[in-house]
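Asks: Structure file final_19.cif (mmCIF, C-alpha atoms and all ligand atoms) is given on the next line.
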```cif
data_data
loop_
_atom_site.label_atom_id
_atom_site.label_comp_id
_atom_site.auth_asym_id
_atom_site.auth_seq_id
_atom_site.Cartn_x
_atom_site.Cartn_y
_atom_site.Cartn_z
CA MET A 1 -12.20 11.11 1.54
CA ASN A 2 -11.53 7.80 -0.18
CA ILE A 3 -8.39 7.31 -2.23
CA LEU A 4 -7.59 4.84 -5.00
CA SER A 5 -3.95 3.71 -5.03
CA PRO A 6 -3.36 1.58 -8.15
CA SER A 7 -0.63 -1.03 -7.71
CA ILE A 8 1.86 -0.89 -10.58
CA LEU A 9 2.83 -4.50 -9.88
CA SER A 10 0.16 -5.38 -12.45
CA ALA A 11 1.25 -2.75 -14.97
CA ASP A 12 2.89 -3.56 -18.30
CA PHE A 13 6.52 -2.68 -17.54
CA TRP A 14 7.30 -2.21 -21.20
CA ARG A 15 4.79 0.64 -21.08
CA LEU A 16 5.12 1.67 -17.45
CA GLY A 17 5.15 5.41 -18.12
CA GLU A 18 2.07 5.19 -20.37
CA ASN A 19 0.22 3.08 -17.78
CA ILE A 20 1.00 5.60 -15.05
CA GLU A 21 -0.13 8.49 -17.26
CA ALA A 22 -3.39 6.62 -17.94
CA VAL A 23 -4.31 6.36 -14.24
CA LYS A 24 -3.24 9.95 -13.60
CA LYS A 25 -5.35 11.18 -16.53
CA ALA A 26 -8.35 9.34 -15.07
CA GLY A 27 -7.99 11.36 -11.87
CA VAL A 28 -5.78 9.19 -9.65
CA GLU A 29 -3.30 10.89 -7.31
CA TRP A 30 -1.67 7.96 -5.51
CA LEU A 31 0.50 5.14 -6.88
CA HIS A 32 1.04 1.96 -4.87
CA ILE A 33 4.57 0.63 -5.38
CA ASP A 34 5.24 -2.92 -4.13
CA VAL A 35 8.82 -3.75 -3.20
CA MET A 36 9.57 -7.45 -2.62
CA ASP A 37 12.87 -8.98 -1.52
CA GLY A 38 12.39 -12.72 -2.19
CA PHE A 39 12.88 -13.28 1.53
CA PHE A 40 10.04 -11.65 3.49
CA VAL A 41 7.83 -12.76 0.60
CA PRO A 42 8.64 -15.44 -1.97
CA SER A 43 8.79 -13.14 -4.98
CA ILE A 44 11.09 -10.31 -6.10
CA SER A 45 9.65 -7.21 -7.78
CA TYR A 46 11.61 -3.95 -8.19
CA GLY A 47 13.33 -1.38 -6.04
CA MET A 48 14.99 2.00 -5.82
CA PRO A 49 16.09 2.51 -9.47
CA VAL A 50 12.56 1.98 -10.77
CA ILE A 51 11.09 4.35 -8.19
CA ALA A 52 13.73 6.98 -8.97
CA SER A 53 12.96 6.71 -12.70
CA ILE A 54 9.23 7.15 -12.38
CA ARG A 55 9.76 9.95 -9.83
CA LYS A 56 11.30 11.96 -12.66
CA GLY A 57 8.16 11.59 -14.77
CA THR A 58 5.32 12.30 -12.36
CA ASP A 59 4.34 14.31 -9.28
CA MET A 60 1.91 11.63 -8.08
CA PHE A 61 1.97 10.56 -4.40
CA PHE A 62 4.19 7.48 -4.08
CA ASP A 63 2.77 4.98 -1.59
CA VAL A 64 5.65 2.53 -1.22
CA HIS A 65 4.76 -0.86 0.27
CA LEU A 66 7.92 -2.55 1.52
CA MET A 67 7.63 -6.33 1.70
CA ILE A 68 11.22 -6.72 2.85
CA GLU A 69 12.99 -8.17 5.92
CA GLN A 70 14.58 -5.58 8.24
CA PRO A 71 13.24 -2.52 6.43
CA GLU A 72 15.47 -0.35 8.66
CA ARG A 73 18.34 -1.21 6.28
CA TYR A 74 16.77 0.65 3.36
CA ILE A 75 14.56 3.49 4.64
CA GLY A 76 17.10 6.14 3.59
CA ASP A 77 17.37 4.70 0.09
CA PHE A 78 13.61 4.64 -0.45
CA ALA A 79 13.23 8.17 0.86
CA LYS A 80 15.96 9.31 -1.52
CA SER A 81 14.47 7.51 -4.50
CA GLY A 82 11.23 9.50 -4.16
CA ALA A 83 8.78 7.75 -1.81
CA ASP A 84 6.17 10.04 -0.23
CA LEU A 85 4.88 7.39 2.16
CA ILE A 86 6.99 4.48 3.36
CA ASN A 87 4.98 1.53 4.54
CA PHE A 88 6.59 -1.52 6.19
CA HIS A 89 5.40 -4.76 7.78
CA VAL A 90 5.34 -4.99 11.58
CA GLU A 91 6.33 -8.66 11.13
CA ALA A 92 9.55 -7.68 9.35
CA THR A 93 11.39 -5.83 12.11
CA GLU A 94 12.17 -6.21 15.79
CA ASP A 95 11.78 -2.50 16.49
CA VAL A 96 8.68 -1.04 14.86
CA GLU A 97 8.98 2.27 16.73
CA ALA A 98 12.56 2.79 15.58
CA VAL A 99 11.59 2.30 11.93
CA ILE A 100 8.69 4.73 12.33
CA ALA A 101 11.11 7.28 13.80
CA GLN A 102 13.57 6.73 10.94
CA ILE A 103 10.87 7.46 8.34
CA ARG A 104 9.63 10.53 10.25
CA GLU A 105 13.13 11.96 10.50
CA LEU A 106 13.32 11.89 6.72
CA GLY A 107 10.07 13.85 6.50
CA LYS A 108 8.04 11.08 4.90
CA LYS A 109 4.58 9.78 5.77
CA VAL A 110 4.57 6.51 7.70
CA GLY A 111 2.54 3.36 7.13
CA ILE A 112 2.55 0.03 8.96
CA THR A 113 1.18 -3.19 7.57
CA ILE A 114 -0.17 -6.49 8.87
CA LYS A 115 -0.38 -9.82 7.06
CA PRO A 116 -3.60 -11.89 7.16
CA ASN A 117 -2.56 -13.93 10.22
CA THR A 118 -1.37 -10.95 12.29
CA PRO A 119 -4.02 -9.67 14.72
CA ALA A 120 -5.39 -6.13 14.61
CA SER A 121 -4.19 -5.64 18.20
CA SER A 122 -0.56 -5.71 17.01
CA VAL A 123 -0.89 -2.21 15.49
CA GLU A 124 -2.67 -0.63 18.46
CA PRO A 125 0.50 0.58 20.25
CA TYR A 126 1.59 2.52 17.15
CA LEU A 127 -1.65 4.15 16.00
CA GLU A 128 -0.70 7.60 17.35
CA LEU A 129 2.61 7.43 15.47
CA VAL A 130 1.53 6.55 11.93
CA ASP A 131 -0.40 8.09 9.04
CA MET A 132 -1.72 4.82 7.66
CA VAL A 133 -2.35 1.19 8.56
CA LEU A 134 -2.48 -1.34 5.74
CA VAL A 135 -4.53 -4.45 6.36
CA MET A 136 -3.44 -7.05 3.81
CA THR A 137 -6.41 -8.92 2.39
CA VAL A 138 -4.19 -11.59 0.77
CA GLU A 139 -0.86 -13.16 1.75
CA PRO A 140 1.62 -10.62 0.40
CA GLY A 141 3.82 -11.61 -2.50
CA PHE A 142 1.71 -11.73 -5.66
CA GLY A 143 -0.96 -9.75 -7.48
CA GLY A 144 -4.13 -11.28 -8.82
CA GLN A 145 -5.08 -13.39 -5.76
CA LYS A 146 -8.53 -13.87 -4.24
CA PRO A 147 -9.12 -11.84 -1.05
CA ILE A 148 -9.43 -13.57 2.32
CA PRO A 149 -12.84 -12.36 3.63
CA GLU A 150 -11.89 -12.68 7.33
CA CYS A 151 -9.32 -9.88 6.96
CA ILE A 152 -12.04 -7.27 6.49
CA GLY A 153 -13.10 -7.68 10.14
CA LYS A 154 -9.68 -6.34 11.17
CA VAL A 155 -10.34 -3.16 9.21
CA THR A 156 -13.40 -2.49 11.35
CA GLU A 157 -11.48 -3.32 14.52
CA ILE A 158 -8.65 -0.91 13.67
CA ARG A 159 -11.06 1.84 12.59
CA ARG A 160 -12.79 1.46 15.97
CA MET A 161 -9.47 1.61 17.86
CA ALA A 162 -8.52 4.77 15.96
CA ASP A 163 -11.91 6.39 16.57
CA ASP A 164 -11.67 5.56 20.29
CA LYS A 165 -8.34 7.35 20.42
CA GLY A 166 -9.69 10.28 18.37
CA LEU A 167 -7.29 9.54 15.49
CA ASP A 168 -8.15 10.24 11.88
CA ILE A 169 -5.74 7.82 10.22
CA ASN A 170 -5.85 6.24 6.79
CA ILE A 171 -6.75 2.57 6.67
CA GLN A 172 -5.69 0.82 3.48
CA VAL A 173 -6.70 -2.55 2.06
CA ASP A 174 -4.53 -4.42 -0.43
CA GLY A 175 -5.05 -7.70 -2.24
CA GLY A 176 -7.85 -8.96 -4.43
CA ILE A 177 -9.85 -5.72 -4.30
CA ASN A 178 -12.13 -5.34 -7.31
CA LEU A 179 -15.35 -3.62 -8.37
CA ASP A 180 -17.45 -6.26 -6.62
CA ASN A 181 -15.89 -5.96 -3.17
CA VAL A 182 -14.57 -2.39 -2.93
CA GLU A 183 -17.78 -1.12 -1.33
CA THR A 184 -17.60 -3.81 1.38
CA ALA A 185 -14.03 -2.71 2.22
CA ILE A 186 -15.09 0.94 2.46
CA ALA A 187 -18.14 0.09 4.58
CA ALA A 188 -15.80 -1.80 6.93
CA GLY A 189 -13.75 1.37 7.48
CA ALA A 190 -11.09 1.41 4.76
CA ASN A 191 -10.47 4.70 2.95
CA VAL A 192 -7.40 3.90 0.82
CA ILE A 193 -8.01 1.21 -1.75
CA VAL A 194 -5.19 -0.63 -3.51
CA ALA A 195 -6.06 -2.38 -6.75
CA GLY A 196 -3.57 -3.91 -9.16
CA SER A 197 -5.01 -6.44 -11.56
CA ALA A 198 -8.45 -4.80 -11.46
CA VAL A 199 -6.96 -1.51 -12.73
CA PHE A 200 -4.11 -2.49 -15.08
CA LYS A 201 -6.01 -4.65 -17.54
CA ASP A 202 -7.95 -3.77 -20.70
CA ASP A 203 -9.02 -0.11 -20.55
CA ILE A 204 -7.16 1.43 -17.59
CA GLY A 205 -9.05 4.75 -17.69
CA GLU A 206 -12.40 2.99 -17.72
CA ASN A 207 -11.40 0.73 -14.80
CA VAL A 208 -10.39 3.77 -12.73
CA CYS A 209 -13.68 5.55 -13.52
CA LYS A 210 -15.67 2.51 -12.44
CA PHE A 211 -13.75 2.36 -9.15
CA MET A 212 -14.24 6.09 -8.54
CA GLU A 213 -17.99 5.72 -8.98
CA LYS A 214 -18.06 3.25 -6.10
CA MET A 215 -15.82 5.20 -3.75
C1 LIG B 301 0.57 -8.13 -3.10
C2 LIG B 301 0.76 -6.66 -3.26
C3 LIG B 301 -0.40 -5.98 -3.86
C4 LIG B 301 -0.77 -6.44 -5.25
C5 LIG B 301 -2.26 -6.28 -5.36
O1 LIG B 301 1.51 -8.65 -2.26
O2 LIG B 301 1.00 -6.05 -2.00
O3 LIG B 301 -0.27 -4.57 -3.81
O4 LIG B 301 -0.16 -5.73 -6.28
O5 LIG B 301 -2.68 -6.81 -6.55
P1 LIG B 301 -4.20 -7.24 -6.79
O6 LIG B 301 -5.04 -6.02 -6.67
O7 LIG B 301 -4.16 -7.80 -8.16
O8 LIG B 301 -4.55 -8.28 -5.75
ZN ZN B 302 0.91 -3.82 -1.93
#
```
Just give me the structure of the file as structure tokens.
Ligand code: DX5
Ligand code: ZN
Replies:
Amino acid sequence: MNILSPSILSADFWRLGENIEAVKKAGVEWLHIDVMDGFFVPSISYGMPVIASIRKGTDMFFDVHLMIEQPERYIGDFAKSGADLINFHVEATEDVEAVIAQIRELGKKVGITIKPNTPASSVEPYLELVDMVLVMTVEPGFGGQKPIPECIGKVTEIRRMADDKGLDINIQVDGGINLDNVETAIAAGANVIVAGSAVFKDDIGENVCKFMEKM
């Protein structure tokens, strides 16, 4: 089953609720929520208060992508604000297993993420412990970038590692995914597709329908 997880980083924040209702109405169940601290990545986005606000308005599945240093400092806050899945970067902490355990203890789904220059092998020790691996297809920090084609090879590598271990995990791609390259990402082994600028522009419902046709 392939899943579309639209990234609200590209939404119109003046009309955030309307934008979220538009993707939901088009049949989307997941929302990708990018949290940036201006330290792990150069930009700053939004955090717990925004997540808590939108949690009140929708029952969609919140896929929270933490681009923050030492995520262990904030796992409790993100769980409380309404995350369903908490996804952090393996590059951002010294103890990946401890952060995974923290998220599990709070009853949330767990994701781990790698940046473009981090090898696929760095997630192998944790595959049994997580629900999802996110392979970034751009340097994290900004929406609307062009994807780095070499990253797609890591999707295939991780899918193979998971298959070899008999694990049916989600593999997510994020960054520069659009209607022209989504099929390549799926063929490589991805089943959760993040798209920001390709969804939240012009006619949101139509963009979602076009993605769904290709998934
Ligand atoms: C980038 C974020 C992405 C971003 C994707 O650091 O992690 O989720 O919103 O945006 P697009 O799809 O426009 O590349
Ligand atoms: Zn993201």
Asks: Which residue gives the smallest distance to ligand LIG 301 (chain B) among A:Gly166, A:Gly153, A:Gly111, A:Gly196, with all atoms listed in the file counted?
Replies: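 So, comparing all the options, the nearest one is A:Gly196.
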Asks: Taking all atoms listed in the file into account, which of A:Gly176, A:Gly57, A:Pro125, A:Pro49 comes nearest ligand ZN 302 (chain B)?
Replies: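 Residue with the minimum atom-to-atom distance to ligand ZN 302 (chain B): A:Gly176.
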Asks: For Val90 (chain A), which residue among A:Tyr46, A:Tyr74, A:Tyr126, A:Phe200 is the nearest when counting all atoms listed in the file?
Replies: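 When distances to Val90 (chain A) are compared using all atoms listed in the file, the smallest one comes from A:Tyr126.
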Asks: Go through A:Gly82, A:Gly38, A:Gly17, A:Gly189 and flag the residue nearest Ala52 (chain A), using all atoms listed in the file for the distances.
Replies: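 With all atoms listed in the file as the atom set, the closest residue is A:Gly82.
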Asks: Give me the residues near Ile51 (chain A) as an MDAnalysis selection string, where near means some atom within 9 Å (using all atoms listed in the file) and where sequence neighbours in that chain fewer than 5 positions away do not count.
Replies: chainID A and resid 33 46 56 62 78 81:83
Asks: Using only C-alpha atoms and all ligand atoms, which protein or nucleic acid residues are at most 7 Å from ligand LIG 301 (chain B), as a PyMOL selection string?
Replies: chain A and resi 7-10+32+34+65+139-145+174-177+194-198
Asks: List every protein, DNA or RNA residue with an atom no more than 9 Å from (-8.8, -2.9, 2.0) in the file's coordinates, counting only C-alpha atoms, and format the result as a ChimeraX atom specification.
Replies: /A:134-137,151-152,155,171-177,182,184-186,188-194
Asks: What's the separation between CA of Gly205 (chain A) and CA of Asp63 (chain A), in Å to one decimal place?
Replies: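 Computed distance, CA of Gly205 (chain A) to CA of Asp63 (chain A), equals 20.0 Å.
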Asks: Using all atoms listed in the file, pick whichever of A:Lys115, A:Arg15, A:Lys25, A:Lys108 has the shortest atom-to-atom distance to ligand ZN 302 (chain B).
Replies: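 Using all atoms listed in the file, ligand ZN 302 (chain B) sits closest to A:Lys115.
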Asks: So how far away is CA of Met60 (chain A) from CA of Val208 (chain A), in Å?
Replies: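 Value for the CA of Val208 (chain A)-CA of Met60 (chain A) distance: 15.3 Å.
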Asks: CA of Ile75 (chain A) and CA of His89 (chain A) are how many Å apart?
Replies: 12.7 Å
Asks: Skip Asp168 (chain A) itself and residues of its chain fewer than 5 positions away, then list as a count of residues only all residues within 12 Å of it, counting only C-alpha atoms.
Replies: 17
Asks: Point out the residue among A:Val96, A:Ile148, A:Ala22, A:Leu31 with the least atom-to-atom distance to Ile54 (chain A), counting all atoms listed in the file.
Replies: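 For Ile54 (chain A), the nearest of the candidates is A:Leu31.
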Asks: Would you list the contacts of Phe39 (chain A) as a tab-separated table (two decimals) with C-alpha atoms, keeping the file's coordinate frame, taking every protein, DNA or RNA residue within 7 Å and counting all atoms listed in the file, but skipping same-chain residues closer than 3 positions in sequence?
Replies:
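This went into result.tsv:
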```tsv
chain	number	residue	atom	x	y	z
A	42	PRO	CA	8.64	-15.44	-1.97
A	68	ILE	CA	11.22	-6.72	2.85
A	69	GLU	CA	12.99	-8.17	5.92
```
